[in-house]
Amino acid sequence: MFLEPAQLNFSPASLPHGFVCHQILTDHLGRPVDYVFYDVNPAFEKMMGLSRDEVVGTRVSQLPVGEDMHVDWFSLYQMALEEGSLSFEGPFMVGEDRYRVTAYGGMPGFTVALFHELEPDEGEDPILEEREAVFSKVFKHYPSLPLPGGEGLSMAVYYQPARLFGGDCFEVMKTQRFLLFYLGHISQESPDCALLFSLIKETVKRYLDRFPPDTLRPAYLLQDLAAHLSLDIGSEYDIRIFLGFLDLDSRELKYSGVGFVEAPFLSRGEGAQIQLFLPHLSRSSYSLFDSPSFPEGRMVLTPATTLFCTTQGLLEEQALGERYGERLSRLCCHYSHLPPARLAQRVIKDFQSFHDTSQPGREDITFFVLQLDPLSSASYSLELATDFQELKRLRQELWDWVPDLQGANSLIICLSELVANAMEHGNRMDPHKRVTVDIFFSQGCYHVQVEDEGEGFHWQEVRDQPLELEGETPRGRGIAMTQLFCDALSYNATGNRVTFTIETHLGGV
Amino acid sequence: MKLEPDSGRVILPEVVDLTNALDFEKALQSLYEEGSGTVLVDCGALAMIDSAGLGRLVLYQKRLKENGRELQITNVNNDYIKHLFDMIQLHRFIPIQETT
């Protein structure tokens with residue numbers, strides 16, 4: 001038998017369970033500020049001990065109910081924002097009675113919830129477990145996944161909120177040619193975090209909408225964030241945050257932050273590790289609302305650079321007298337050549353072994369890895385005056401340029417020797433003459449040429465001499481030493497141009 | 001380049017190359033002429049040394065040995081410097097103390 005829809009006697013009023021429909025109140029920027037009871041059914045009236053007239057049209061915040069009630073609605077709204085339609089279940093207390101709440105956020109601007117009364121012997125733990133799983137799901141949707149892509153860079157994020165309510169927030173977004181990312185930590189894990197994170201996200205987006213990308217400054221954004229949040233929610237929250245703008249064209253990273261246990265660090269390929277420094281960034285005594293200022297740092301990220309940012313969850317874990325933070329920087333440096341996703345996996349695996357468990361712990365753990373692709377090919381030219389002081393400039397510029405640090409030391413030692421020879425034996429220290437260095441990097445191999453303006457020399461006599469450490473003279477070992485660190489060293493017939501190669505994958509230092 | 005005559009020690013800067021090799025030579029000459037016993041070359045800060053710097057090391061080792069003395073390298077921290085010394089087998093001519 002089929003019934004016409006009109007014959008169906010199905011309305012919230014007939015439900016045996018408490019029913020409530022909330023209208024979401026937002027401020028002029030569309031942010032949730034409160035909820036109005038739009039409709040309730042008789043079961044809900046009975047449950048609350050309030051009549052429909054007393055309830056409908058009233059704000060949630062005006063009802064004499066426990067704080068838990070607000071928690072669920074705000075979380076629900078967040079879920080609705082993130083996924084359009086979601087439901088969750090959680091315990092809700094009215095006096096001594098316990099209810100299971102099932103809520104839906106499918107309609108724009110409204111939420112609906114059903115209250116199913118629990119028997120006294122119905123266990124609480126399964127509900128808590130469910131609730132925890134749902135909140136975990138909500139928090140996992142904070143970062144905008146998938147991460148925005150960018151040519152020549154890759155990223156990975158690990159985001160594990162703490163039990164029930166995470167204290168970490170995180171976001172990566174792209175606006176024109178800039179990549180914006182931030183990691184935040186709120187010291188108390190409370191239901192308010194859900195709203196707070198939403199406010200941070202919206203405030204950042206509004207800032208990006210207001211200003212042209214070229215004028216974006218992380219320090220100004222943090223000032224803006226502190227000002228707006230203190231107006232919206234008061235300034236009692238302890239918020240730590242690191243924020244970076246990466247110019248995807250120039251690769252310049254501008255960053256600012258406050259109150260991190262340890263500043264983010266970056267590895268330039270093998271070995272070189274730099275910790276981003278700012279006066280208030282790693283001062284744990286400051287937070288967003290009480291920092292006297294927001295200093296800003298800038299750094300151009302070279303190819304193959306890996307940036308690692310983490311909130312304090314990883315850093316503060318301790319085992320056998322060691323802080324994981326100390327181990328983390330060594331680990332990231334060692335594995336900085338791995339793609340971000342693999343590096344993130346490696347960190348979690350290591351953290352589990354540090355923790356001596358198969359689980360990464362129940363605390364907030366959030367970290368972000370950004371890596372610039374190594375260059376497949378690059379070229380570099382430099383003209384030097386005939387002056388040994390120019391060797392310093394040469395080395396400094398090379399360190400800033402080298403696309404693959406694996407062979408950087410070999411490159412620098414060889415060039416130091418051969419450029420010095422070109423100045424001394426080629427140009428005979430004539431200050432009017434120049435030395436030209438040309439480097440082409442391709443597929444892991446440096447092809448280098450050094451040319452002077454001199455008349456050349458009898459290179460055949462010295463090119464293949466082995467390095468002799470014994471001897472009366474302190475000089476004359478440059479070419480022999482160079483031969484140890486490069487391949488295919490050869491001169492032109494005149495002897496004023498030398499070429500050599502360094503293959504980085506063969507283990508150049 | 002810091003000279004500690006009392007302990008027969010010269011502390012190298014971050015870079016020793018053609019631009020400061022003569023300063024290094026003067027420091028070694030001073031310890032050679034005025035000191036006695038072992039000359040210590042502290043490489044704690046050293047990150048780059050070229051053939052001109054290495055040439056001074058081996059030259060003064062030879063001179064000191066001729067006088068029954070010795071030059072020793074100490075406090076090598078930098079991986080690149082360790083690798084360089086290893087490549088040229090410097091330990092065959094100059095004792096290299098383990099990092100303390």
# chains A, B, ... in the order shown; residues from 1 in each chain; ligands from 1

call {"tool": "residues_around", "arguments": {"residues": "region 74-84 of chain B", "least_positions_apart": "3", "cutoff": "9 Å", "atoms": "only C-alpha atoms", "output": "MDAnalysis selection string"}}
result
(chainID A and resid 409 509) or (chainID B and resid 40:49 87:90 95:100)

call {"tool": "write_last_selection", "arguments": {"atoms": "N, CA, C and O atoms", "output": "PDB file, in the first residue's frame"}}
result
ATOM      1  N   ASN A 409      80.491  22.056  -0.856  1.00  0.00           N
ATOM      2  CA  ASN A 409      81.831  22.249  -0.287  1.00  0.00           C
ATOM      3  C   ASN A 409      82.918  21.950  -1.313  1.00  0.00           C
ATOM      4  O   ASN A 409      83.927  22.652  -1.378  1.00  0.00           O
ATOM      5  N   VAL A 509      81.361  16.507  -1.143  1.00  0.00           N
ATOM      6  CA  VAL A 509      81.045  17.065   0.173  1.00  0.00           C
ATOM      7  C   VAL A 509      80.523  18.482   0.022  1.00  0.00           C
ATOM      8  O   VAL A 509      80.764  19.130  -0.958  1.00  0.00           O
TER       9      VAL A 509
ATOM     10  N   LEU B  40      99.781  23.767  19.322  1.00  0.00           N
ATOM     11  CA  LEU B  40      98.416  23.293  19.095  1.00  0.00           C
ATOM     12  C   LEU B  40      97.675  24.241  18.143  1.00  0.00           C
ATOM     13  O   LEU B  40      97.691  25.453  18.332  1.00  0.00           O
ATOM     14  N   VAL B  41      97.049  23.660  17.133  1.00  0.00           N
ATOM     15  CA  VAL B  41      96.242  24.466  16.213  1.00  0.00           C
ATOM     16  C   VAL B  41      94.769  24.108  16.463  1.00  0.00           C
ATOM     17  O   VAL B  41      94.320  23.005  16.152  1.00  0.00           O
ATOM     18  N   ASP B  42      94.077  25.034  17.084  1.00  0.00           N
ATOM     19  CA  ASP B  42      92.680  24.798  17.470  1.00  0.00           C
ATOM     20  C   ASP B  42      91.757  25.108  16.287  1.00  0.00           C
ATOM     21  O   ASP B  42      91.662  26.243  15.834  1.00  0.00           O
ATOM     22  N   CYS B  43      91.064  24.060  15.795  1.00  0.00           N
ATOM     23  CA  CYS B  43      90.194  24.223  14.614  1.00  0.00           C
ATOM     24  C   CYS B  43      88.715  24.265  15.007  1.00  0.00           C
ATOM     25  O   CYS B  43      87.846  23.980  14.176  1.00  0.00           O
ATOM     26  N   GLY B  44      88.437  24.622  16.248  1.00  0.00           N
ATOM     27  CA  GLY B  44      87.058  24.606  16.738  1.00  0.00           C
ATOM     28  C   GLY B  44      86.104  25.431  15.900  1.00  0.00           C
ATOM     29  O   GLY B  44      84.938  25.076  15.738  1.00  0.00           O
ATOM     30  N   ALA B  45      86.592  26.557  15.395  1.00  0.00           N
ATOM     31  CA  ALA B  45      85.704  27.433  14.613  1.00  0.00           C
ATOM     32  C   ALA B  45      85.901  27.260  13.112  1.00  0.00           C
ATOM     33  O   ALA B  45      85.152  27.834  12.314  1.00  0.00           O
ATOM     34  N   LEU B  46      86.870  26.483  12.738  1.00  0.00           N
ATOM     35  CA  LEU B  46      87.259  26.413  11.323  1.00  0.00           C
ATOM     36  C   LEU B  46      86.194  25.718  10.459  1.00  0.00           C
ATOM     37  O   LEU B  46      85.759  24.616  10.768  1.00  0.00           O
ATOM     38  N   ALA B  47      85.804  26.391   9.388  1.00  0.00           N
ATOM     39  CA  ALA B  47      84.824  25.810   8.466  1.00  0.00           C
ATOM     40  C   ALA B  47      85.336  25.770   7.031  1.00  0.00           C
ATOM     41  O   ALA B  47      84.727  25.140   6.166  1.00  0.00           O
ATOM     42  N   MET B  48      86.448  26.467   6.793  1.00  0.00           N
ATOM     43  CA  MET B  48      86.977  26.505   5.415  1.00  0.00           C
ATOM     44  C   MET B  48      88.478  26.756   5.484  1.00  0.00           C
ATOM     45  O   MET B  48      88.925  27.672   6.182  1.00  0.00           O
ATOM     46  N   ILE B  49      89.250  25.935   4.807  1.00  0.00           N
ATOM     47  CA  ILE B  49      90.700  26.161   4.725  1.00  0.00           C
ATOM     48  C   ILE B  49      91.139  25.793   3.316  1.00  0.00           C
ATOM     49  O   ILE B  49      90.675  24.791   2.752  1.00  0.00           O
ATOM     50  N   MET B  87      90.556  13.386   3.265  1.00  0.00           N
ATOM     51  CA  MET B  87      90.845  13.245   1.834  1.00  0.00           C
ATOM     52  C   MET B  87      92.337  13.421   1.538  1.00  0.00           C
ATOM     53  O   MET B  87      92.902  12.727   0.686  1.00  0.00           O
ATOM     54  N   ILE B  88      92.947  14.377   2.215  1.00  0.00           N
ATOM     55  CA  ILE B  88      94.360  14.632   1.919  1.00  0.00           C
ATOM     56  C   ILE B  88      95.277  13.843   2.865  1.00  0.00           C
ATOM     57  O   ILE B  88      96.488  13.975   2.806  1.00  0.00           O
ATOM     58  N   GLN B  89      94.637  13.032   3.709  1.00  0.00           N
ATOM     59  CA  GLN B  89      95.373  12.170   4.651  1.00  0.00           C
ATOM     60  C   GLN B  89      96.348  12.990   5.499  1.00  0.00           C
ATOM     61  O   GLN B  89      97.521  12.619   5.673  1.00  0.00           O
ATOM     62  N   LEU B  90      95.853  14.073   6.018  1.00  0.00           N
ATOM     63  CA  LEU B  90      96.686  14.980   6.799  1.00  0.00           C
ATOM     64  C   LEU B  90      97.242  14.317   8.061  1.00  0.00           C
ATOM     65  O   LEU B  90      98.333  14.655   8.529  1.00  0.00           O
ATOM     66  N   PRO B  95      99.466  14.955  13.746  1.00  0.00           N
ATOM     67  CA  PRO B  95      98.490  14.277  14.616  1.00  0.00           C
ATOM     68  C   PRO B  95      97.226  15.134  14.774  1.00  0.00           C
ATOM     69  O   PRO B  95      97.317  16.342  14.974  1.00  0.00           O
ATOM     70  N   ILE B  96      96.097  14.467  14.636  1.00  0.00           N
ATOM     71  CA  ILE B  96      94.818  15.171  14.797  1.00  0.00           C
ATOM     72  C   ILE B  96      94.127  14.589  16.030  1.00  0.00           C
ATOM     73  O   ILE B  96      93.735  13.423  16.035  1.00  0.00           O
ATOM     74  N   GLN B  97      94.046  15.422  17.073  1.00  0.00           N
ATOM     75  CA  GLN B  97      93.437  14.944  18.321  1.00  0.00           C
ATOM     76  C   GLN B  97      91.939  14.778  18.136  1.00  0.00           C
ATOM     77  O   GLN B  97      91.294  15.538  17.415  1.00  0.00           O
ATOM     78  N   GLU B  98      91.406  13.764  18.824  1.00  0.00           N
ATOM     79  CA  GLU B  98      89.962  13.582  18.807  1.00  0.00           C
ATOM     80  C   GLU B  98      89.296  14.805  19.427  1.00  0.00           C
ATOM     81  O   GLU B  98      89.849  15.440  20.318  1.00  0.00           O
ATOM     82  N   THR B  99      88.109  15.102  18.977  1.00  0.00           N
ATOM     83  CA  THR B  99      87.365  16.247  19.530  1.00  0.00           C
ATOM     84  C   THR B  99      87.095  16.012  21.005  1.00  0.00           C
ATOM     85  O   THR B  99      86.684  14.928  21.403  1.00  0.00           O
ATOM     86  N   THR B 100      87.369  17.047  21.803  1.00  0.00           N
ATOM     87  CA  THR B 100      87.116  16.903  23.241  1.00  0.00           C
ATOM     88  C   THR B 100      85.746  17.457  23.575  1.00  0.00           C
ATOM     89  O   THR B 100      85.221  18.286  22.883  1.00  0.00           O
TER      90      THR B 100
END

call {"tool": "interface_residues", "arguments": {"of": "chain A", "to": "chain B", "cutoff": "12 Å", "atoms": "only C-alpha atoms", "output": "PyMOL selection string"}}
result
chain A and resi 270-272+387-392+395-396+405-410+412-421+423-424+466-485+507-509

call {"tool": "write_last_selection", "arguments": {"atoms": "C-alpha atoms", "output": "tab-separated table (two decimals), in the first residue's frame"}}
result
chain	number	residue	atom	x	y	z
A	270	GLU	CA	72.10	18.28	3.56
A	271	GLY	CA	73.53	19.72	6.71
A	272	ALA	CA	72.84	23.43	6.95
A	387	ASP	CA	91.82	40.82	-5.49
A	388	PHE	CA	91.96	37.94	-3.01
A	389	GLN	CA	89.30	39.68	-0.93
A	390	GLU	CA	86.90	38.79	-3.75
A	391	LEU	CA	87.18	35.15	-2.66
A	392	LYS	CA	84.93	35.95	0.30
A	395	ARG	CA	82.03	31.91	-1.38
A	396	GLN	CA	79.12	33.85	0.08
A	405	LEU	CA	74.37	21.28	-1.12
A	406	GLN	CA	75.67	17.76	-1.59
A	407	GLY	CA	78.50	19.08	-3.72
A	408	ALA	CA	78.69	22.62	-2.38
A	409	ASN	CA	81.83	22.25	-0.29
A	410	SER	CA	83.70	20.58	-3.12
A	412	ILE	CA	83.75	26.03	-3.10
A	413	ILE	CA	87.15	24.51	-2.36
A	414	CYS	CA	87.85	23.94	-6.08
A	415	LEU	CA	86.72	27.43	-7.05
A	416	SER	CA	88.70	29.03	-4.19
A	417	GLU	CA	91.87	27.38	-5.48
A	418	LEU	CA	91.34	27.92	-9.19
A	419	VAL	CA	90.12	31.52	-8.89
A	420	ALA	CA	93.09	32.34	-6.65
A	421	ASN	CA	95.38	30.81	-9.28
A	423	MET	CA	94.22	36.03	-10.13
A	424	GLU	CA	97.77	35.30	-9.09
A	466	PRO	CA	99.80	14.29	-6.94
A	467	LEU	CA	99.26	16.20	-3.74
A	468	GLU	CA	102.50	16.29	-1.78
A	469	LEU	CA	102.18	17.48	1.76
A	470	GLU	CA	105.88	17.32	2.45
A	471	GLY	CA	107.99	20.06	1.01
A	472	GLU	CA	109.52	23.40	1.84
A	473	THR	CA	106.96	25.67	0.23
A	474	PRO	CA	103.62	26.66	1.72
A	475	ARG	CA	102.14	27.20	-1.75
A	476	GLY	CA	101.74	25.29	-5.00
A	477	ARG	CA	99.26	22.62	-3.91
A	478	GLY	CA	96.09	24.26	-5.20
A	479	ILE	CA	95.62	22.29	-8.42
A	480	ALA	CA	96.60	18.99	-6.81
A	481	MET	CA	94.10	19.61	-4.03
A	482	THR	CA	91.41	20.59	-6.52
A	483	GLN	CA	91.93	17.29	-8.32
A	484	LEU	CA	90.85	15.45	-5.17
A	485	PHE	CA	87.45	17.13	-5.17
A	507	GLY	CA	79.14	11.93	-2.77
A	508	GLY	CA	80.79	15.29	-3.17
A	509	VAL	CA	81.04	17.06	0.17

call {"tool": "residues_around", "arguments": {"residues": "Glu33 (chain B)", "least_positions_apart": "5", "cutoff": "12 Å", "atoms": "only C-alpha atoms", "output": "list in words"}}
result
Pro5, Gly8, Glu25, Lys26, Ala27, Leu28, Val39, Tyr60, Arg63, Leu64, Asn67 and Arg69 of chain B

call {"tool": "write_last_selection", "arguments": {"atoms": "N, CA and C atoms", "output": "PDB file, in the first residue's frame"}}
result
ATOM      1  N   PRO B   5     100.217  32.320  23.510  1.00  0.00           N
ATOM      2  CA  PRO B   5     101.618  31.883  23.594  1.00  0.00           C
ATOM      3  C   PRO B   5     101.882  30.969  24.792  1.00  0.00           C
ATOM      4  N   GLY B   8     100.934  27.612  23.943  1.00  0.00           N
ATOM      5  CA  GLY B   8     101.440  27.190  22.630  1.00  0.00           C
ATOM      6  C   GLY B   8     100.312  26.934  21.649  1.00  0.00           C
ATOM      7  N   GLU B  25     100.660  32.322   9.233  1.00  0.00           N
ATOM      8  CA  GLU B  25     102.099  32.032   9.210  1.00  0.00           C
ATOM      9  C   GLU B  25     102.827  32.789  10.326  1.00  0.00           C
ATOM     10  N   LYS B  26     102.435  34.067  10.501  1.00  0.00           N
ATOM     11  CA  LYS B  26     103.072  34.856  11.569  1.00  0.00           C
ATOM     12  C   LYS B  26     102.804  34.243  12.937  1.00  0.00           C
ATOM     13  N   ALA B  27     101.592  33.783  13.147  1.00  0.00           N
ATOM     14  CA  ALA B  27     101.253  33.168  14.434  1.00  0.00           C
ATOM     15  C   ALA B  27     102.086  31.913  14.660  1.00  0.00           C
ATOM     16  N   LEU B  28     102.189  31.083  13.613  1.00  0.00           N
ATOM     17  CA  LEU B  28     102.981  29.851  13.739  1.00  0.00           C
ATOM     18  C   LEU B  28     104.459  30.181  13.938  1.00  0.00           C
ATOM     19  N   VAL B  39     103.003  22.613  19.477  1.00  0.00           N
ATOM     20  CA  VAL B  39     102.179  23.738  19.028  1.00  0.00           C
ATOM     21  C   VAL B  39     100.787  23.180  18.696  1.00  0.00           C
ATOM     22  N   TYR B  60     105.116  24.174   8.873  1.00  0.00           N
ATOM     23  CA  TYR B  60     105.559  24.346  10.260  1.00  0.00           C
ATOM     24  C   TYR B  60     105.667  23.015  10.991  1.00  0.00           C
ATOM     25  N   ARG B  63     109.159  22.105  10.100  1.00  0.00           N
ATOM     26  CA  ARG B  63     110.154  22.902  10.838  1.00  0.00           C
ATOM     27  C   ARG B  63     110.213  22.502  12.309  1.00  0.00           C
ATOM     28  N   LEU B  64     109.051  22.299  12.895  1.00  0.00           N
ATOM     29  CA  LEU B  64     109.024  21.927  14.317  1.00  0.00           C
ATOM     30  C   LEU B  64     109.664  20.564  14.534  1.00  0.00           C
ATOM     31  N   ASN B  67     113.220  20.388  14.932  1.00  0.00           N
ATOM     32  CA  ASN B  67     113.704  20.839  16.231  1.00  0.00           C
ATOM     33  C   ASN B  67     113.197  19.967  17.379  1.00  0.00           C
ATOM     34  N   ARG B  69     110.251  19.088  17.996  1.00  0.00           N
ATOM     35  CA  ARG B  69     108.932  19.489  18.493  1.00  0.00           C
ATOM     36  C   ARG B  69     107.850  18.988  17.533  1.00  0.00           C
TER      37      ARG B  69
END

call {"tool": "atom_distance", "arguments": {"atom1": "CA of Val16 (chain B)", "atom2": "CA of Leu3 (chain B)"}}
result
14.5 Å

call {"tool": "atom_distance", "arguments": {"atom1": "CA of His447 (chain A)", "atom2": "CA of Glu461 (chain A)"}}
result
23.6 Å

call {"tool": "atom_distance", "arguments": {"atom1": "CA of Glu4 (chain B)", "atom2": "CA of Lys65 (chain B)"}}
result
20.5 Å

call {"tool": "residues_around", "arguments": {"residues": "Asn496 (chain A)", "least_positions_apart": "3", "cutoff": "8 Å", "atoms": "only C-alpha atoms", "output": "list of chain:residue names"}}
result
A:Ala422, A:Gly426, A:Glu451, A:Asp452, A:Glu453, A:Gly454, A:Glu455, A:Gly456, A:Phe457, A:Tyr491, A:Asn492

call {"tool": "write_last_selection", "arguments": {"atoms": "all heavy atoms", "output": "CSV table (one decimal), in the first residue's frame"}}
result
chain,number,residue,atom,x,y,z
A,422,ALA,N,93.9,31.9,-10.9
A,422,ALA,CA,93.7,32.8,-12.0
A,422,ALA,C,94.1,34.2,-11.7
A,422,ALA,O,94.6,34.9,-12.6
A,422,ALA,CB,92.2,32.7,-12.4
A,426,GLY,N,97.4,33.9,-13.5
A,426,GLY,CA,96.9,34.3,-14.8
A,426,GLY,C,97.0,35.8,-14.9
A,426,GLY,O,97.7,36.4,-15.7
A,451,GLU,N,87.8,31.6,-16.0
A,451,GLU,CA,88.7,32.2,-17.1
A,451,GLU,C,89.3,33.5,-16.6
A,451,GLU,O,88.6,34.4,-16.0
A,451,GLU,CB,87.8,32.5,-18.4
A,451,GLU,CG,88.6,33.0,-19.5
A,451,GLU,CD,87.8,32.9,-20.8
A,451,GLU,OE1,86.6,32.5,-20.8
A,451,GLU,OE2,88.4,33.2,-21.9
A,452,ASP,N,90.5,33.7,-16.9
A,452,ASP,CA,91.2,35.0,-16.5
A,452,ASP,C,91.6,35.7,-17.8
A,452,ASP,O,91.4,35.2,-18.9
A,452,ASP,CB,92.4,34.7,-15.6
A,452,ASP,CG,93.4,33.8,-16.2
A,452,ASP,OD1,94.0,34.2,-17.2
A,452,ASP,OD2,93.7,32.7,-15.6
A,453,GLU,N,92.2,36.9,-17.6
A,453,GLU,CA,92.6,37.7,-18.8
A,453,GLU,C,94.1,37.7,-19.0
A,453,GLU,O,94.6,38.6,-19.5
A,453,GLU,CB,92.0,39.1,-18.6
A,453,GLU,CG,90.5,39.2,-18.6
A,453,GLU,CD,89.9,40.5,-18.4
A,453,GLU,OE1,90.6,41.4,-17.7
A,453,GLU,OE2,88.8,40.8,-18.8
A,454,GLY,N,94.7,36.7,-18.4
A,454,GLY,CA,96.2,36.6,-18.5
A,454,GLY,C,96.6,35.8,-19.8
A,454,GLY,O,95.8,35.5,-20.6
A,455,GLU,N,97.9,35.6,-19.8
A,455,GLU,CA,98.5,34.9,-21.0
A,455,GLU,C,98.6,33.4,-20.8
A,455,GLU,O,99.2,32.7,-21.6
A,455,GLU,CB,99.8,35.5,-21.2
A,455,GLU,CG,99.7,37.0,-21.6
A,455,GLU,CD,101.0,37.7,-21.7
A,455,GLU,OE1,102.1,37.1,-21.4
A,455,GLU,OE2,101.0,38.9,-21.9
A,456,GLY,N,98.0,32.9,-19.8
A,456,GLY,CA,98.1,31.4,-19.6
A,456,GLY,C,99.3,31.0,-18.9
A,456,GLY,O,100.2,31.8,-18.6
A,457,PHE,N,99.4,29.7,-18.7
A,457,PHE,CA,100.6,29.1,-18.0
A,457,PHE,C,100.8,27.7,-18.5
A,457,PHE,O,100.0,27.1,-19.2
A,457,PHE,CB,100.5,29.2,-16.5
A,457,PHE,CG,99.6,28.2,-15.9
A,457,PHE,CD1,100.0,27.2,-15.1
A,457,PHE,CD2,98.2,28.3,-16.2
A,457,PHE,CE1,99.2,26.3,-14.5
A,457,PHE,CE2,97.3,27.4,-15.6
A,457,PHE,CZ,97.8,26.4,-14.8
A,491,TYR,N,92.4,22.3,-19.1
A,491,TYR,CA,92.7,23.7,-19.5
A,491,TYR,C,92.5,23.8,-21.0
A,491,TYR,O,92.7,22.9,-21.7
A,491,TYR,CB,94.1,24.1,-19.0
A,491,TYR,CG,94.2,24.4,-17.5
A,491,TYR,CD1,94.4,23.3,-16.6
A,491,TYR,CD2,94.1,25.7,-17.0
A,491,TYR,CE1,94.5,23.5,-15.3
A,491,TYR,CE2,94.2,25.9,-15.7
A,491,TYR,CZ,94.4,24.8,-14.8
A,491,TYR,OH,94.6,25.1,-13.5
A,492,ASN,N,92.3,25.1,-21.4
A,492,ASN,CA,92.4,25.3,-22.8
A,492,ASN,C,93.9,25.4,-23.2
A,492,ASN,O,94.8,25.4,-22.3
A,492,ASN,CB,91.7,26.6,-23.3
A,492,ASN,CG,92.3,27.9,-22.6
A,492,ASN,OD1,93.1,27.7,-21.7
A,492,ASN,ND2,91.9,29.0,-23.1

call {"tool": "residues_around", "arguments": {"residues": "Gln460 (chain A)", "least_positions_apart": "5", "cutoff": "10 Å", "atoms": "only C-alpha atoms", "output": "list in words"}}
result
Gln465, Ser490, Tyr491, Ala493 and Gly495 of chain A

call {"tool": "write_last_selection", "arguments": {"atoms": "N, CA and C atoms", "output": "CSV table (one decimal), in the first residue's frame"}}
result
chain,number,residue,atom,x,y,z
A,465,GLN,N,100.0,16.4,-11.2
A,465,GLN,CA,100.9,16.1,-10.1
A,465,GLN,C,100.1,15.7,-8.9
A,490,SER,N,90.4,20.3,-16.8
A,490,SER,CA,91.2,20.5,-18.0
A,490,SER,C,91.3,22.0,-18.3
A,491,TYR,N,92.4,22.3,-19.1
A,491,TYR,CA,92.7,23.7,-19.5
A,491,TYR,C,92.5,23.8,-21.0
A,493,ALA,N,94.2,25.4,-24.5
A,493,ALA,CA,95.6,25.4,-24.9
A,493,ALA,C,96.4,26.5,-24.3
A,495,GLY,N,95.9,28.1,-21.5
A,495,GLY,CA,96.0,28.0,-20.1
A,495,GLY,C,95.4,29.1,-19.3
